[in-house]
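Worksheet: the structure to be examined is printed underneath.
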Protein chains: 4
Amino acid sequence: MQTLTDSTTQQLLKRFEQIRTQTETICAPLEPEDTVVQPMVDVSPPKWHMAHTTWFFEQFVLLPHLKGYKVFHPSYSFLFNSYYNSVGNRVQRAERSTLTRPPLRDVYTYRKHVNEHLKQLLQTANEATIVELMPVLELGLQHEQQHQELLITDIKYILSTNPLLPAYQKQQGTADNITAIPEATFLDIPGGVYTIGYQGNDFCFDNELGVHDVLLSDFQVMNRLVTNGEYLNFVQDGGYRDFRFWLDEGLALVRSTELKSPLYWMEQDGEWLHYTMQGLKKIDLNQPVTHISFYEAQAYANWAGKRLLTEFEWEAASQVYPPSNGNFQESGRLEPDAADSSTGMQQLYGDTWEWTYSAYHPYPGFSTAPGALGEYNGKFMINQMVLRGGSCATPQSHIRTTYRNFFHPDKRWQYTGIRLAQ
Amino acid sequence: MQTLTDSTTQQLLKRFEQIRTQTETICAPLEPEDTVVQPMVDVSPPKWHMAHTTWFFEQFVLLPHLKGYKVFHPSYSFLFNSYYNSVGNRVQRAERSTLTRPPLRDVYTYRKHVNEHLKQLLQTANEATIVELMPVLELGLQHEQQHQELLITDIKYILSTNPLLPAYQKQQGTADNITAIPEATFLDIPGGVYTIGYQGNDFCFDNELGVHDVLLSDFQVMNRLVTNGEYLNFVQDGGYRDFRFWLDEGLALVRSTELKSPLYWMEQDGEWLHYTMQGLKKIDLNQPVTHISFYEAQAYANWAGKRLLTEFEWEAASQVYPPSNGNFQESGRLEPDAADSSTGMQQLYGDTWEWTYSAYHPYPGFSTAPGALGEYNGKFMINQMVLRGGSCATPQSHIRTTYRNFFHPDKRWQYTGIRLAQ
Amino acid sequence: MQTLTDSTTQQLLKRFEQIRTQTETICAPLEPEDTVVQPMVDVSPPKWHMAHTTWFFEQFVLLPHLKGYKVFHPSYSFLFNSYYNSVGNRVQRAERSTLTRPPLRDVYTYRKHVNEHLKQLLQTANEATIVELMPVLELGLQHEQQHQELLITDIKYILSTNPLLPAYQKQQGTADNITAIPEATFLDIPGGVYTIGYQGNDFCFDNELGVHDVLLSDFQVMNRLVTNGEYLNFVQDGGYRDFRFWLDEGLALVRSTELKSPLYWMEQDGEWLHYTMQGLKKIDLNQPVTHISFYEAQAYANWAGKRLLTEFEWEAASQVYPPSNGNFQESGRLEPDAADSSTGMQQLYGDTWEWTYSAYHPYPGFSTAPGALGEYNGKFMINQMVLRGGSCATPQSHIRTTYRNFFHPDKRWQYTGIRLAQ
Amino acid sequence: MQTLTDSTTQQLLKRFEQIRTQTETICAPLEPEDTVVQPMVDVSPPKWHMAHTTWFFEQFVLLPHLKGYKVFHPSYSFLFNSYYNSVGNRVQRAERSTLTRPPLRDVYTYRKHVNEHLKQLLQTANEATIVELMPVLELGLQHEQQHQELLITDIKYILSTNPLLPAYQKQQGTADNITAIPEATFLDIPGGVYTIGYQGNDFCFDNELGVHDVLLSDFQVMNRLVTNGEYLNFVQDGGYRDFRFWLDEGLALVRSTELKSPLYWMEQDGEWLHYTMQGLKKIDLNQPVTHISFYEAQAYANWAGKRLLTEFEWEAASQVYPPSNGNFQESGRLEPDAADSSTGMQQLYGDTWEWTYSAYHPYPGFSTAPGALGEYNGKFMINQMVLRGGSCATPQSHIRTTYRNFFHPDKRWQYTGIRLAQ
């Protein structure tokens, strides 16, 4: 038995080390000043992300389970708790840029401190303890992966607000200008009863549970994501000025904030550029359009005479065309790739999250865990829309076809994109 | 054939007269000053409602169909168009209180002018024209009924903001203090496939179309609405201060606006009063709680260890327990009544709209009409929640079990209430 | 003695009647709906002005001095107190449009009620009481005259926000297009010691007291007000876009609110119109420019290579060139007139208030009265600029050369204008 | 002649070096993250101050005068121009925290680059050039001294918003608890004509020019600043809740922001503490009160039955009692000291700026320089109040008795205090 446990523990330690290190790798190119600012309330300072994910392990693993563990700093729970009312008071979300101290180097020390104690806990725990710790440890790792994606999108936003438009990284290896991508076609998905929700034995979030059947009619789904070139046609056709394509609240937003294009796009001397993780570049017409709100996705679909999928249709399509890989965080490119020239379904996984026309609501039978971790998902189930499939900033090991991401319909700083249905 | 048409026309004229007169009856107790103010952006001045419903007939019936018709006033389309971008520019919603002119008496003249021309049109039209006019005339009448409900809720809000708290009407005949109401019990609704949406031959809104089947599990639904007394228990149990019951955005609202009870409730010397259409009164513990947001409904359900229905469950329940009558606008009481002492399902119709945990989204196959009238419903299908069953301010002839009302989850000035499920 | 007192009382009664009636004459052309709205927080509903000036007599004269007097309505002090903290709680300024009740006709009854009791008090009081009442009665009358000016400017603003742009009155008799006005010249005012403040025996406000000497250098003052034509040159020369002419806060305001001209001006098809009390009209180039902020006055002066006067210079100029009459409220024209063709100093009185580059601060030795009436002026002595000379909306009997009017430098809805110095 | 110039140049170089070094000394205790945030719009990031003062020399000295000088970075003028419209577009004030790049170390390199080129310019210039450069060089040094004071107050504010309340420096040598300070007495200043404004031959700002005579009456001025202990009496007497003491706009601010004490004060367990540059400390009752708005100073004076001085009275008092030294930045204590036990006038210089009841307006004959440097002062002459005498954050070599500092009456983050008059 001992050997099995050892192996499980070793695997766990390896994953722990890999994921914790990856967070620091993401932050390596940053200046200390980059890690403290908060240019909009949705964005958190990178330093805060690094400390918060660490606090999660300290609060929910070390404190209850490592005998005699003393917190690294008595104020850190106040500073780095995100939204767990059960844990107590905390710095308000909009005030995270007040945390100029602790300085970045102290946060690295904090990470190291918690890492070491966590390893110590794992290496000294008996099998029963390991089994008991498994769920919350796994949640801590999944949680850190979620923050890795947020780190990438928040860093992109932070750097983009700087008038110097600094690049996060050098131009990556992949060719930018693929000369041929497949035509947009529509693949049949047969109607019928589909089972929705996670049915496996590995980790999933509580919002994927409440497995249930839904009845769907026949529909068709696009074989790839909508491209910059296709979206540019919408822009140039006056799509942002024509009220007929827009939900009323989307139109009000377009007008009050004078939107004319996706986030990070700008027109200069008649040419469309966009800010990327590699700096300011000319738009590649073959790459998927990204950084658009649900309103823009929906207006585009109306303009194209199509519609968006529901989250149930998306999950059904993924049962008919099971995705295996895609352009995820691991590729290091951090921008969506153009579809390749193959036929069939492409890009269900990776590149950009796909907005669905489904509200982020509980599945039938959804219930929250008792205590602080029950605040993880349920309390956000209002006014947000479901996105599916992961993006170029999502770790591949983090995604599933049943995975439900969610954002308010006006948000644009995530890698969000469009797949059409009819 | 002539006689048949005559009869149809006569019936139509009678309904037209009845509905148009009812609007003016609702406004009769008002002072001219009451009819022009707009204490919050959701509320429209009563004078505006009276003119806008008239403009609807002028714009969509008289102008296209009555030969030689000249508009009553060239500026009124600009003043009284609500949200039809297709028709052109208009006074912005938040600016409706600028319309001190035309004075109220001119609006009555406008109503009379349009009524007379509409009667003239109907009385002189041939059968084919009548048939062609039918859909838009019917829409105009249904539209005016919707504004009657808004008139009542807007008048209540306007009068409630006046420090004098004037009553809209004298105390009505019904006994306020029913001594016995039925215990809350839960009735079984069997799972299975239910057909959702309007399948009849009379009028319905486009948002009820896209008839489709849904698959439901077994569930149970409460036999009546939640009462003031039950809700007061929640209040007195600290429900507004306990984060565990609230959606996160609801909690933020409760805290930033210091909510402690439903709209119109106030505590004075340890006693709970509320503002009603009959002035300030002691709360009747047996009457249904009303003027609550979706957030409050949902928090109450969590506190009670139950949940809200989805709109599909509500519609299924109404198929199992078809409602026939209820306390509607026609009763003239304009406040919800206590349930009677009978067994079985009560109050599905009337008293208060029931918040469901369903987003107001299009049914499968939903499509909008071409032109201005296509703007009626579809463009609002985001960020709002569906309510079912009508209220004490809804005309009885306006309601159906498939009727989908919708408001943002923070709105409280409508007659909104709670039915629980489990 | 009795006869003298009689005569004083008779005069007082006559003035009281004249001023109270004039307020109602000003409101006569209004619809009830015009009297309740508040399109910006600076503006009060006309109905409120009518009731508030009445409350002033009730609160400060009748209640303390008329034995057995019962207030007209127990809530009116709460409703119609403006800013007297000493008197108690009140409807907040920004909430005045909630007062749809009492209706206009009740406010007229209130006025009549207070008028009659005040006459009764005066007719039955003995001489000693009359002498004692004199200061507060006089303050009540002066106060009502101040509100008459506010009524006129508030009515103008209210009607101007209505998309129909209704006229307050028919075109008045005076010729609009005087063909010749005098050239702008600058008249010498010798330097030296001037005594500032009110030294007479009639009424003045406390802010005119603290008579004191100031030392001035020689300066020159323009012989008339700046005209629309002269100001239009500034507009057409790009004055609103050239930062060099503006105070920094003025420039920020111009940019954030996209100001391009005085309030009520609009350009249509290359022609400049403005909204007046007689409706929309072409701008008369010879009339004084009005409805400008201090920022605009100051920017114009900079553009013209001149400067504004201080309030001390203005008062000194009025000692050298004592004004006698001008275009005041009594003319009934309610818009500024062009200067006539005579030489010498013109328009020191009437037409438009003249912005000075003096902050509204206490004179040396200024002190406030004890009690509520001490709140009349002193607590506003910050962030406001002094204006001098009265306007076409000021009653002639209300003005003095020592009179200090005051508004924040961004306000434009009063009849404000420009006189230059060098 | 050469030697004289040499000596002048040497002196200039020495001052240049001293002042430039002092700026860096002030910033030495900061973390990089401290130098980029902007917790309120009035505060600028320390990194920005360091770069902006450097840009001032580059823009106004090196570019026009050092032949062949190439700017350090082509974007820095856009990044680090503060408010000079004449120089061109720039990062908006509220957006200064977007400048995470250039990192702090680049700003130090920028400073060094400009320092070296400036020394080179001075060492190679002939006498005529030195004479020509003198005014702008001097302005650059005075400008940097102004920013040193802002650096100190901005750093204090930045650190105070951090929940950890980090200290800027260790406890300084001076005794905190002086046991005896002089009684508050009032010293006579005789009335008469006083000449106001700078009449010497050294540097002064343009706002001190327009030397002119003013006529003052006799008055009396307090012998020292108001202390924490005296102010605490006002607090504990309910001063913040009693409307009678407050200007109306001050009262509105107190109520809307729930002010109860000076900035940085907090009550804990019945004891008053305040945040200082040495961290959180118990309030010393003998030290001067500081970090109060003009509204608070004026309310305190009203409560005490006294008044504030005008700026002319202050300057007259400084002619009667010429100050020589005080507690300035050079002391390194960075908090106000208690008065010593000597008699006569104390603390006219240093410790805290003294609010006067004078608006910051131009003196008679004030004129601005042509070009960008003319924007230095004149465009801010509205809505601000004059402060006199310097503070513990002001460099001693920067102050004069004619020096006019100015802030809006609601500002509290500067070292502002109270001296009374009667």
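All residue names refer to the structure tokens as shown: chains lettered A, B, ... in order, residues numbered from 1 in each chain, ligands numbered from 1 in order.
The interface of chain B with chain A at 6 Å, considering only C-alpha atoms, consists of Leu247, Asp248, Lys379, Phe380 and Asn383 of chain B.
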Those residues with N, CA, C and O atoms, as a CSV table (one decimal), in the first residue's frame please?
chain,number,residue,atom,x,y,z
B,247,LEU,N,-26.6,35.9,-3.3
B,247,LEU,CA,-25.7,36.0,-4.5
B,247,LEU,C,-24.8,37.2,-4.2
B,247,LEU,O,-25.2,38.2,-3.6
B,248,ASP,N,-23.6,37.2,-4.8
B,248,ASP,CA,-22.6,38.2,-4.4
B,248,ASP,C,-23.0,39.6,-4.9
B,248,ASP,O,-22.8,40.5,-4.1
B,379,LYS,N,-34.6,42.6,-28.2
B,379,LYS,CA,-33.4,43.3,-27.9
B,379,LYS,C,-33.2,43.5,-26.4
B,379,LYS,O,-32.1,44.0,-26.0
B,380,PHE,N,-34.1,43.0,-25.6
B,380,PHE,CA,-34.0,43.1,-24.2
B,380,PHE,C,-33.5,41.8,-23.5
B,380,PHE,O,-33.5,41.6,-22.3
B,383,ASN,N,-29.5,39.9,-19.2
B,383,ASN,CA,-29.4,40.4,-17.9
B,383,ASN,C,-30.7,40.6,-17.2
B,383,ASN,O,-30.8,41.2,-16.1
**Message:** as a VMD selection string, please: the residues near segment 138-141 of chain D (cut-off 12 Å, only C-alpha atoms, same-chain neighbours under 3 positions excluded).
**Reply:** chain D and resid 11 to 23 52 to 62 118 130 to 135 144 to 148 202 to 206 373 to 374 376 395 397 to 398
For segment 252-257 of chain C, please output as a compact mmCIF listing (two decimals) with C-alpha atoms, in the first residue's frame all residues within 9 Å (counting only C-alpha atoms; exclusion window: fewer than 6 positions along the same chain).
# COMPACT_ATOMS: atom_id res chain seq x y z
CA TYR C 240 -13.11 77.96 -26.80
CA ARG C 241 -10.35 75.74 -28.15
CA ASP C 410 -19.18 77.69 -13.56
**Item:** All strand (DSSP E) residues (DSSP, backbone) inside segment 76-290 of chain B, as a PyMOL selection string
**Value:** chain B and resi 186-189+192-196+212-216+219-222+265-268+271-276+279-282
**Request:** Could you tell me how far atom CA of Asp218 of chain B lies from atom CA of Val289 of chain B, in Å and to one decimal?
**Result:** 27.1 Å
**Request:** May I have the residues within 10 Å of Gln414 of chain C as a list in words, using only C-alpha atoms and disregarding those fewer than 6 positions away in the same chain?
**Result:** Glu149, Leu150, Ile152, Thr153, Asp154, Lys156, Tyr157, Leu263, Thr290, His291, Ile292, Ser293, Thr352, Trp353, Ser391, Ala393 and Phe407 of chain C
**Message:** What's around segment 159-161 of chain B at 8 Å? Count only C-alpha atoms, leave out sequence neighbours fewer than 4 positions away in its own chain, and write the answer as a list of chain:residue names.
**Reply:** B:Asp34, B:Pro39, B:Ile155, B:Leu165, B:Pro166, B:Ala167, B:Tyr168, B:Tyr264, B:Tyr275, C:Thr98
**Prompt:** Just how far from atom CA of Tyr415 of chain D is atom CA of Arg90 of chain D, in Å to one decimal?
**Reply:** 29.0 Å
Backbone-only DSSP, alpha helix (DSSP H) members of segment 101-205 of chain D, as a compact mmCIF listing (two decimals) with N, CA, C and O atoms, in the first residue's frame:
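What landed in states.txt:
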# COMPACT_ATOMS: atom_id res chain seq x y z
N LEU D 104 11.81 51.96 -12.30
CA LEU D 104 12.50 52.92 -11.45
C LEU D 104 13.96 53.10 -11.84
O LEU D 104 14.47 54.22 -11.87
N ARG D 105 14.62 52.00 -12.14
CA ARG D 105 16.05 52.13 -12.42
C ARG D 105 16.30 52.97 -13.67
O ARG D 105 17.28 53.68 -13.77
N ASP D 106 15.39 52.91 -14.64
CA ASP D 106 15.54 53.75 -15.83
C ASP D 106 15.36 55.23 -15.48
O ASP D 106 15.97 56.11 -16.10
N VAL D 107 14.49 55.49 -14.52
CA VAL D 107 14.28 56.88 -14.12
C VAL D 107 15.54 57.42 -13.44
O VAL D 107 15.94 58.56 -13.67
N TYR D 108 16.18 56.58 -12.67
CA TYR D 108 17.46 57.01 -12.09
C TYR D 108 18.50 57.27 -13.18
O TYR D 108 19.26 58.24 -13.12
N THR D 109 18.51 56.43 -14.17
CA THR D 109 19.45 56.66 -15.28
C THR D 109 19.12 57.95 -16.01
O THR D 109 20.02 58.72 -16.40
N TYR D 110 17.84 58.21 -16.17
CA TYR D 110 17.39 59.46 -16.80
C TYR D 110 17.89 60.66 -16.00
O TYR D 110 18.42 61.63 -16.56
N ARG D 111 17.71 60.58 -14.68
CA ARG D 111 18.17 61.68 -13.84
C ARG D 111 19.68 61.91 -14.02
O ARG D 111 20.13 63.04 -14.16
N LYS D 112 20.41 60.82 -14.03
CA LYS D 112 21.86 60.93 -14.15
C LYS D 112 22.25 61.53 -15.51
O LYS D 112 23.10 62.41 -15.59
N HIS D 113 21.60 61.06 -16.53
CA HIS D 113 21.85 61.55 -17.89
C HIS D 113 21.64 63.06 -17.96
O HIS D 113 22.47 63.81 -18.48
N VAL D 114 20.53 63.52 -17.43
CA VAL D 114 20.23 64.95 -17.50
C VAL D 114 21.17 65.75 -16.60
O VAL D 114 21.66 66.81 -16.99
N ASN D 115 21.43 65.21 -15.42
CA ASN D 115 22.39 65.89 -14.54
C ASN D 115 23.73 66.11 -15.24
O ASN D 115 24.30 67.19 -15.19
N GLU D 116 24.21 65.07 -15.87
CA GLU D 116 25.53 65.17 -16.49
C GLU D 116 25.54 66.16 -17.64
O GLU D 116 26.46 66.96 -17.79
N HIS D 117 24.49 66.11 -18.43
CA HIS D 117 24.44 67.07 -19.54
C HIS D 117 24.27 68.49 -19.03
O HIS D 117 24.78 69.44 -19.64
N LEU D 118 23.56 68.64 -17.93
CA LEU D 118 23.38 69.98 -17.41
C LEU D 118 24.70 70.52 -16.85
O LEU D 118 25.06 71.68 -17.08
N LYS D 119 25.42 69.65 -16.18
CA LYS D 119 26.75 70.08 -15.71
C LYS D 119 27.65 70.44 -16.89
O LYS D 119 28.35 71.44 -16.87
N GLN D 120 27.60 69.61 -17.88
CA GLN D 120 28.40 69.88 -19.08
C GLN D 120 28.04 71.24 -19.68
O GLN D 120 28.89 72.05 -20.01
N LEU D 121 26.75 71.51 -19.75
CA LEU D 121 26.29 72.78 -20.30
C LEU D 121 26.84 73.94 -19.47
O LEU D 121 27.37 74.92 -20.01
N LEU D 122 26.73 73.79 -18.15
CA LEU D 122 27.16 74.88 -17.29
C LEU D 122 28.67 75.07 -17.35
O LEU D 122 29.17 76.21 -17.34
N GLN D 123 29.37 73.95 -17.41
CA GLN D 123 30.82 74.07 -17.37
C GLN D 123 31.41 74.60 -18.67
O GLN D 123 32.52 75.11 -18.70
N THR D 124 30.68 74.46 -19.74
CA THR D 124 31.21 74.90 -21.03
C THR D 124 30.60 76.22 -21.49
O THR D 124 31.08 76.80 -22.46
N GLU D 127 29.85 83.33 -20.09
CA GLU D 127 29.15 84.11 -19.07
C GLU D 127 27.78 84.54 -19.56
O GLU D 127 26.79 84.48 -18.81
N ALA D 128 27.70 84.98 -20.78
CA ALA D 128 26.43 85.49 -21.30
C ALA D 128 25.37 84.39 -21.27
O ALA D 128 24.21 84.61 -20.89
N THR D 129 25.79 83.22 -21.64
CA THR D 129 24.85 82.10 -21.62
C THR D 129 24.40 81.79 -20.21
O THR D 129 23.22 81.56 -19.95
N ILE D 130 25.33 81.79 -19.31
CA ILE D 130 24.99 81.52 -17.90
C ILE D 130 23.95 82.53 -17.42
O ILE D 130 22.94 82.16 -16.79
N VAL D 131 24.19 83.78 -17.73
CA VAL D 131 23.25 84.83 -17.32
C VAL D 131 21.88 84.59 -17.94
O VAL D 131 20.84 84.74 -17.29
N GLU D 132 21.90 84.20 -19.18
CA GLU D 132 20.64 83.95 -19.88
C GLU D 132 19.93 82.72 -19.28
O GLU D 132 18.71 82.69 -19.19
N LEU D 133 20.72 81.72 -18.90
CA LEU D 133 20.13 80.48 -18.38
C LEU D 133 19.62 80.62 -16.95
O LEU D 133 18.77 79.86 -16.50
N MET D 134 20.23 81.55 -16.24
CA MET D 134 19.98 81.71 -14.81
C MET D 134 18.49 81.61 -14.44
O MET D 134 18.13 80.79 -13.57
N PRO D 135 17.61 82.40 -15.02
CA PRO D 135 16.21 82.38 -14.56
C PRO D 135 15.57 81.02 -14.70
O PRO D 135 14.89 80.54 -13.78
N VAL D 136 15.77 80.34 -15.80
CA VAL D 136 15.08 79.06 -15.99
C VAL D 136 15.72 77.96 -15.16
O VAL D 136 15.05 77.07 -14.64
N LEU D 137 17.05 78.07 -14.98
CA LEU D 137 17.72 77.11 -14.10
C LEU D 137 17.22 77.26 -12.67
O LEU D 137 16.90 76.28 -11.99
N GLU D 138 17.14 78.52 -12.25
CA GLU D 138 16.65 78.79 -10.90
C GLU D 138 15.21 78.28 -10.78
O GLU D 138 14.84 77.64 -9.78
N LEU D 139 14.39 78.54 -11.79
CA LEU D 139 13.02 78.07 -11.76
C LEU D 139 12.99 76.54 -11.67
O LEU D 139 12.19 75.96 -10.92
N GLY D 140 13.88 75.89 -12.39
CA GLY D 140 13.96 74.43 -12.35
C GLY D 140 14.28 73.92 -10.95
O GLY D 140 13.72 72.91 -10.50
N LEU D 141 15.18 74.62 -10.27
CA LEU D 141 15.55 74.20 -8.92
C LEU D 141 14.40 74.45 -7.93
O LEU D 141 14.10 73.60 -7.09
N GLN D 142 13.78 75.61 -8.04
CA GLN D 142 12.64 75.92 -7.17
C GLN D 142 11.51 74.92 -7.43
O GLN D 142 10.82 74.49 -6.52
N HIS D 143 11.33 74.61 -8.70
CA HIS D 143 10.31 73.65 -9.12
C HIS D 143 10.59 72.28 -8.48
O HIS D 143 9.68 71.62 -7.96
N GLU D 144 11.86 71.88 -8.49
CA GLU D 144 12.19 70.58 -7.90
C GLU D 144 11.97 70.61 -6.38
O GLU D 144 11.51 69.62 -5.79
N GLN D 145 12.22 71.73 -5.76
CA GLN D 145 11.96 71.84 -4.32
C GLN D 145 10.46 71.74 -4.03
O GLN D 145 10.05 71.13 -3.04
N GLN D 146 9.65 72.33 -4.89
CA GLN D 146 8.20 72.18 -4.70
C GLN D 146 7.80 70.71 -4.79
O GLN D 146 6.97 70.23 -4.03
N HIS D 147 8.41 70.01 -5.75
CA HIS D 147 8.09 68.59 -5.89
C HIS D 147 8.64 67.76 -4.74
O HIS D 147 8.10 66.70 -4.44
N GLN D 148 9.70 68.22 -4.10
CA GLN D 148 10.18 67.50 -2.91
C GLN D 148 9.11 67.51 -1.83
O GLN D 148 8.84 66.50 -1.18
N GLU D 149 8.48 68.67 -1.65
CA GLU D 149 7.42 68.72 -0.64
C GLU D 149 6.25 67.83 -1.05
O GLU D 149 5.69 67.09 -0.21
N LEU D 150 5.90 67.87 -2.32
CA LEU D 150 4.82 67.00 -2.79
C LEU D 150 5.20 65.53 -2.65
O LEU D 150 4.37 64.69 -2.29
N LEU D 151 6.46 65.20 -2.94
CA LEU D 151 6.94 63.82 -2.76
C LEU D 151 6.68 63.34 -1.34
O LEU D 151 6.16 62.24 -1.11
N ILE D 152 7.04 64.18 -0.39
CA ILE D 152 6.89 63.79 1.01
C ILE D 152 5.41 63.57 1.36
O ILE D 152 5.03 62.55 1.95
N THR D 153 4.57 64.50 0.96
CA THR D 153 3.15 64.37 1.30
C THR D 153 2.50 63.24 0.50
O THR D 153 1.60 62.55 1.00
N ASP D 154 2.95 63.03 -0.72
CA ASP D 154 2.38 61.94 -1.53
C ASP D 154 2.82 60.58 -0.99
O ASP D 154 2.03 59.62 -0.94
N ILE D 155 4.08 60.50 -0.59
CA ILE D 155 4.57 59.25 0.00
C ILE D 155 3.80 58.94 1.28
O ILE D 155 3.37 57.81 1.52
N LYS D 156 3.58 59.97 2.09
CA LYS D 156 2.83 59.75 3.33
C LYS D 156 1.44 59.20 3.01
O LYS D 156 0.98 58.24 3.64
N TYR D 157 0.81 59.80 2.01
CA TYR D 157 -0.54 59.36 1.66
C TYR D 157 -0.52 57.93 1.11
O TYR D 157 -1.36 57.10 1.47
N ILE D 158 0.45 57.64 0.25
CA ILE D 158 0.54 56.30 -0.36
C ILE D 158 0.72 55.24 0.73
O ILE D 158 0.00 54.23 0.76
N LEU D 159 1.66 55.48 1.63
CA LEU D 159 1.92 54.48 2.68
C LEU D 159 0.72 54.35 3.62
O LEU D 159 0.42 53.27 4.12
N SER D 160 0.01 55.47 3.83
CA SER D 160 -1.13 55.42 4.77
C SER D 160 -2.29 54.60 4.23
O SER D 160 -3.13 54.14 4.99
N THR D 161 -2.37 54.45 2.90
CA THR D 161 -3.48 53.67 2.35
C THR D 161 -3.19 52.18 2.39
O THR D 161 -4.09 51.37 2.18
**Message:** Using only C-alpha atoms, which protein or nucleic acid residues come within 7 Å of Asn286 of chain B? Drop anything in the same chain fewer than 2 positions from it, and give the result as a PyMOL selection string.
**Reply:** chain B and resi 178+181+227-229+284+288+338
